[in-house]
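Peer 1: Take this structure, written in structure tokens, and hold onto it; I'll ask about it next.
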Amino acid sequence: MPPGPAAPRAASPPAIGLRDAPDVPAALLLSVLAALCLAVPAAAAPLVAEKVAGPETCVECHLDQIQVWKRTVHNRTFRELPRQPETEAMLLKLGLSKIKGEKQCQDCHFTGQIIDEQYQTVSGISCESCHGAAADWYKTHGDYGPGRTAATEPPEHRAARLAQADAQGMLGPRTLHALGKTCYDCHIVPDEKIVNAGGHPAASPGFSLLTWSQGEVRHSIPREGDKVNPEAPLPRRRLLFVLGAILEVEYCLRAVAAATERGEFALTLARRAEAARQLLEKIQAAAPTPAIAEIVAVAKSARLRLNNRAELLAAADQLARLGRAFADGTDGEKLAGLDPLLPGPDQYKGKVHDPAVP
């Protein structure tokens, strides 16, 4: 159940105070794009099992990507996680039973689906865990038009098709902020009890949106049958680097806001929040922009202390809005100053699958 090896902690962790803090108070294309301008959800949004289509739905058109997925910890967790001694010990401490049957575990470690009117755990972390429950959008996503293929689909049809699928809930490169949030929904643990009482890590040690998305889970194979799985282009990696820092602060602030005691949960996530705030300052110094300057100011405005829920959540909500605006409106080409800060391939998480190797 532990996400991985321990990561170094911040040298000077911020104090978590125990004092009470005061509350701080194409017509189709155009219509679809308008539907995308929705408020950013503030909390984790677990998959709705009734809307899950299952990994087999994706196999027909994404065979190479499925082969990558099968090699990942995301997939292997389905069989391996329940058998680990740490899992059994954690369940015992929490008074829980089987990991696949517990809501606290299902949302992040497995994919559930309604089959014959019953909830069933069908896989580990799968396509829909990251890209959204697909029942409403997978047919739209694969509809190239009568008699057409991906190669012959007109550009205007493709644009409208993808925009409509996005509006129906599909998460991908065009909805980068929402896609990144699905990672942080689980890699920053929102439950104080399972950390302090159960011994679950408060976050995945060393987790980074850039380094983990470019590691073993990378599946950027351009076309079916291609024998390459390239890392994201440099401008996109810059965006992932900054967006990861923004999301890290947002999610850690939410976690500290939920903390009720000075324990492992609060302390670990306060340290991570402070480290991410310092990284945002370095980012602004290396590639200054008004957008990042505002994000830094908001990130630093919230005091990392217990009983400060309103202030922490207000800052987190602002970061959610600003983070989405940054992801949607920033050209990674203009962030070249970040290149000395970017982690290289030697820091990517796990072995990248090479489609040329069976």
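Scheme for the structure tokens: letters A, B, ... for chains in order shown; per-chain residue numbers from 1; ligand numbers from 1 in order shown.
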Would you return as JSON, numbers by chain the members of range 67-286 of chain A that DSSP assigns to alpha helix (DSSP H) on this structure's backbone?
Peer 2: {"A": [67, 68, 69, 70, 73, 74, 75, 76, 77, 78, 79, 80, 85, 86, 87, 88, 89, 90, 91, 92, 93, 94, 103, 104, 105, 106, 107, 108, 109, 127, 128, 129, 130, 131, 138, 139, 140, 141, 155, 156, 157, 158, 159, 160, 161, 162, 163, 164, 165, 166, 167, 176, 177, 178, 179, 180, 181, 182, 183, 184, 185, 186, 187, 192, 193, 194, 195, 196, 209, 210, 211, 212, 213, 234, 235, 236, 237, 238, 239, 240, 241, 242, 243, 244, 245, 246, 247, 248, 249, 250, 251, 252, 253, 254, 255, 256, 257, 258, 264, 265, 266, 267, 268, 269, 270, 271, 272, 273, 274, 275, 276, 277, 278, 279, 280, 281, 282, 283, 284, 285, 286]}
Peer 1: Write out as JSON lines a residue-level contact list of range 198-284 of chain A versus range 83-88 of chain A with cut-off 10 Å: for each qualifying residue the closest pair of atoms and the distance in Å to one decimal, counting only C-alpha atoms, rows sorted by chain and residue number upward.
Peer 2:
```
{"residue": "A:Gly198", "atom": "CA", "partner": "A:Thr87", "partner_atom": "CA", "distance": 9.7}
{"residue": "A:Gly199", "atom": "CA", "partner": "A:Glu86", "partner_atom": "CA", "distance": 9.2}
{"residue": "A:His200", "atom": "CA", "partner": "A:Thr87", "partner_atom": "CA", "distance": 9.1}
```
Peer 1: Which residues of range 180-249 of chain A sit at most 8 Å from range 318-331 of chain A, using only C-alpha atoms? Give each one's shortest atom pair and distance in Å (one decimal place), in chain and ascending residue order, as JSON lines.
Peer 2:
```
{"residue": "A:Pro235", "atom": "CA", "partner": "A:Asp331", "partner_atom": "CA", "distance": 7.5}
{"residue": "A:Leu239", "atom": "CA", "partner": "A:Ala327", "partner_atom": "CA", "distance": 7.0}
{"residue": "A:Leu243", "atom": "CA", "partner": "A:Gly323", "partner_atom": "CA", "distance": 6.7}
{"residue": "A:Ile246", "atom": "CA", "partner": "A:Gly323", "partner_atom": "CA", "distance": 6.3}
{"residue": "A:Leu247", "atom": "CA", "partner": "A:Gly323", "partner_atom": "CA", "distance": 7.4}
```
Peer 1: Counting only C-alpha atoms, which of A:Arg236, A:Ala160, A:His62, A:Pro190 gets nearest to Cys105 in chain A?
Peer 2: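 Residue with the minimum atom-to-atom distance to Cys105 in chain A: A:Pro190.
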Peer 1: Can you list, as a list in words, every protein, DNA or RNA residue that comes within 8 Å of Thr77 in chain A when you count only C-alpha atoms, leaving out same-chain residues fewer than 2 positions away?
Peer 2: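 Using only C-alpha atoms, the neighbours found are Val73, His74, Asn75, Arg79, Glu80, Leu81, Pro82, His109, Phe110, Gly124 and Ile125 of chain A.
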Peer 1: Store the residues picked out above, limited to N, CA and C atoms, as a PDB file, in the first residue's frame.
Peer 2:
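result25.pdb written:
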```pdb
ATOM      1  N   VAL A  73       2.551  -0.265 -12.334  1.00  0.00           N
ATOM      2  CA  VAL A  73       2.044  -0.508 -10.988  1.00  0.00           C
ATOM      3  C   VAL A  73       0.551  -0.198 -10.931  1.00  0.00           C
ATOM      4  N   HIS A  74       0.107   0.776 -11.709  1.00  0.00           N
ATOM      5  CA  HIS A  74      -1.315   1.102 -11.761  1.00  0.00           C
ATOM      6  C   HIS A  74      -2.151  -0.145 -12.062  1.00  0.00           C
ATOM      7  N   ASN A  75      -1.696  -0.965 -12.950  1.00  0.00           N
ATOM      8  CA  ASN A  75      -2.416  -2.190 -13.287  1.00  0.00           C
ATOM      9  C   ASN A  75      -2.161  -3.281 -12.256  1.00  0.00           C
ATOM     10  N   ARG A  79      -3.905  -7.063  -8.317  1.00  0.00           N
ATOM     11  CA  ARG A  79      -3.595  -8.376  -7.743  1.00  0.00           C
ATOM     12  C   ARG A  79      -2.583  -8.293  -6.607  1.00  0.00           C
ATOM     13  N   GLU A  80      -1.651  -7.366  -6.691  1.00  0.00           N
ATOM     14  CA  GLU A  80      -0.547  -7.355  -5.745  1.00  0.00           C
ATOM     15  C   GLU A  80      -0.884  -6.663  -4.426  1.00  0.00           C
ATOM     16  N   LEU A  81      -1.633  -5.563  -4.478  1.00  0.00           N
ATOM     17  CA  LEU A  81      -1.866  -4.778  -3.274  1.00  0.00           C
ATOM     18  C   LEU A  81      -2.585  -5.560  -2.169  1.00  0.00           C
ATOM     19  N   PRO A  82      -3.641  -6.323  -2.489  1.00  0.00           N
ATOM     20  CA  PRO A  82      -4.326  -7.055  -1.410  1.00  0.00           C
ATOM     21  C   PRO A  82      -3.443  -8.086  -0.721  1.00  0.00           C
ATOM     22  N   HIS A 109      -7.203   3.032  -5.458  1.00  0.00           N
ATOM     23  CA  HIS A 109      -6.400   1.858  -5.794  1.00  0.00           C
ATOM     24  C   HIS A 109      -7.021   0.965  -6.858  1.00  0.00           C
ATOM     25  N   PHE A 110      -8.299   1.164  -7.163  1.00  0.00           N
ATOM     26  CA  PHE A 110      -8.987   0.248  -8.071  1.00  0.00           C
ATOM     27  C   PHE A 110      -9.961   1.004  -8.979  1.00  0.00           C
ATOM     28  N   GLY A 124      -7.152  -2.496 -11.514  1.00  0.00           N
ATOM     29  CA  GLY A 124      -6.440  -1.516 -10.721  1.00  0.00           C
ATOM     30  C   GLY A 124      -6.727  -0.124 -11.239  1.00  0.00           C
ATOM     31  N   ILE A 125      -5.785   0.791 -11.046  1.00  0.00           N
ATOM     32  CA  ILE A 125      -5.940   2.141 -11.588  1.00  0.00           C
ATOM     33  C   ILE A 125      -5.887   2.015 -13.104  1.00  0.00           C
TER      34      ILE A 125
END
```
Peer 1: List the neighbours of Gly101 in chain A out to 12 Å using only C-alpha atoms; skip same-chain residues closer than 6 positions along the sequence, and give me the result as a PDB file with C-alpha atoms, in the first residue's frame.
Peer 2:
```pdb
ATOM      1  CA  PRO A  82      -4.326  -7.055  -1.410  1.00  0.00           C
ATOM      2  CA  LEU A  91      -6.733  -2.663   7.432  1.00  0.00           C
ATOM      3  CA  ASP A 107     -11.443   5.194  -5.214  1.00  0.00           C
ATOM      4  CA  HIS A 109      -6.400   1.858  -5.794  1.00  0.00           C
ATOM      5  CA  PHE A 110      -8.987   0.248  -8.071  1.00  0.00           C
ATOM      6  CA  THR A 111     -11.569   0.778 -10.799  1.00  0.00           C
ATOM      7  CA  GLY A 112     -15.126  -0.220  -9.968  1.00  0.00           C
ATOM      8  CA  TYR A 119     -20.620  -2.971  -7.871  1.00  0.00           C
ATOM      9  CA  GLN A 120     -17.567  -4.973  -8.909  1.00  0.00           C
ATOM     10  CA  THR A 121     -13.887  -4.108  -8.689  1.00  0.00           C
ATOM     11  CA  VAL A 122     -12.708  -4.832 -12.229  1.00  0.00           C
TER      12      VAL A 122
END
```
Peer 1: Excluding Ala150 in chain A and its own-chain neighbours fewer than 3 positions away, which residues fall within 12 Å of it when counting only C-alpha atoms? Please give them as a list in words.
Peer 2: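 The filter keeps Cys61, His141, Gly142, Asp143, Tyr144, Gly145, Pro146, Gly147, Glu153, Pro154, Pro155, His157, Arg158, Arg161, Pro222, Arg223 and Glu224 of chain A.
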Peer 1: So that I can check the surroundings of Gln65 in chain A, please list as a ChimeraX atom specification every protein, DNA and RNA residue that reaches within 10 Å of it, counting only C-alpha atoms and ignoring chain neighbours fewer than 5 positions away.
Peer 2: /A:58-59,70,127,217-224,229,353,355
Peer 1: Can those selected residues be exported to a file as a PDB file, in the first residue's frame so that it contains C-alpha atoms?
Peer 2:
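Output file selection36.pdb is given in full below:
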```
ATOM      1  CA  CYS A  58     -10.477   1.134 -24.765  1.00  0.00           C
ATOM      2  CA  VAL A  59      -8.633  -1.926 -26.108  1.00  0.00           C
ATOM      3  CA  LYS A  70      -0.462  -3.639 -18.267  1.00  0.00           C
ATOM      4  CA  CYS A 127      -7.741   4.404 -18.216  1.00  0.00           C
ATOM      5  CA  VAL A 217       2.813   5.454 -17.139  1.00  0.00           C
ATOM      6  CA  ARG A 218       3.825   7.424 -20.245  1.00  0.00           C
ATOM      7  CA  HIS A 219       1.772   6.271 -23.232  1.00  0.00           C
ATOM      8  CA  SER A 220       2.206   9.012 -25.820  1.00  0.00           C
ATOM      9  CA  ILE A 221       2.397   6.571 -28.736  1.00  0.00           C
ATOM     10  CA  PRO A 222       1.277   8.757 -31.674  1.00  0.00           C
ATOM     11  CA  ARG A 223      -0.375   6.136 -33.871  1.00  0.00           C
ATOM     12  CA  GLU A 224      -1.312   2.520 -33.455  1.00  0.00           C
ATOM     13  CA  ASN A 229       6.747   6.356 -26.956  1.00  0.00           C
ATOM     14  CA  HIS A 353       7.848   1.168 -21.969  1.00  0.00           C
ATOM     15  CA  PRO A 355       6.950  -0.376 -27.931  1.00  0.00           C
TER      16      PRO A 355
END
```
Peer 1: What's the separation between CA of Pro288 in chain A and CA of Leu253 in chain A, in Å to one decimal place?
Peer 2: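 Computed distance, CA of Pro288 in chain A to CA of Leu253 in chain A, equals 23.7 Å.
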Peer 1: Find the spatial neighbours of Leu240 in chain A, counting only C-alpha atoms, within a cut-off of 9 Å - ignore same-chain residues fewer than 4 positions away - and output them as number ranges by chain.
Peer 2: A: 176, 180, 209-210, 213, 235-236, 244-245, 327
Peer 1: Just checking: using only C-alpha atoms, which residue out of A:Arg272, A:Asp136, A:Gln118, A:Cys252 ends up closest to Gly206 in chain A?
Peer 2: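 Of A:Arg272, A:Asp136, A:Gln118, A:Cys252, the one nearest Gly206 in chain A, counting only C-alpha atoms, is A:Arg272.
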Peer 1: Which residue is closest to Ala285 in chain A? Choose from A:Leu341, A:Pro205, A:Gly169, A:Gly225 and count only C-alpha atoms.
Peer 2: A:Leu341
Peer 1: Kindly indicate which residue among A:Arg237, A:Gly215, A:Ala151, A:Arg254 lies nearest to Ala310 in chain A, using only C-alpha atoms for the distances.
Peer 2: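 Closest residue, counting only C-alpha atoms: A:Arg254.
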Peer 1: Figure out the distance between CA of Glu333 in chain A and CA of Pro233 in chain A, please, to one decimal in Å.
Peer 2: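 CA of Pro233 in chain A sits 10.1 Å away from CA of Glu333 in chain A.
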Peer 1: Quick one: pick out all strand (DSSP E or B) residues within range 119-206 of chain A from a backbone DSSP run and write them as a ChimeraX atom specification.
Peer 2: /A:119-123,188,203
Peer 1: Pick out the closest residue to Gln214 in chain A from this set: A:Phe265, A:Tyr348, A:Tyr251, A:Tyr138. Count only C-alpha atoms.
Peer 2: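 Nearest candidate to Gln214 in chain A out of A:Phe265, A:Tyr348, A:Tyr251, A:Tyr138: A:Tyr348.
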Peer 1: Between A:Ala255, A:Leu338, A:Leu171, A:Ala275, single out the one closest to Val189 in chain A, counting only C-alpha atoms.
Peer 2: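 Result for the nearest residue to Val189 in chain A: A:Ala255.
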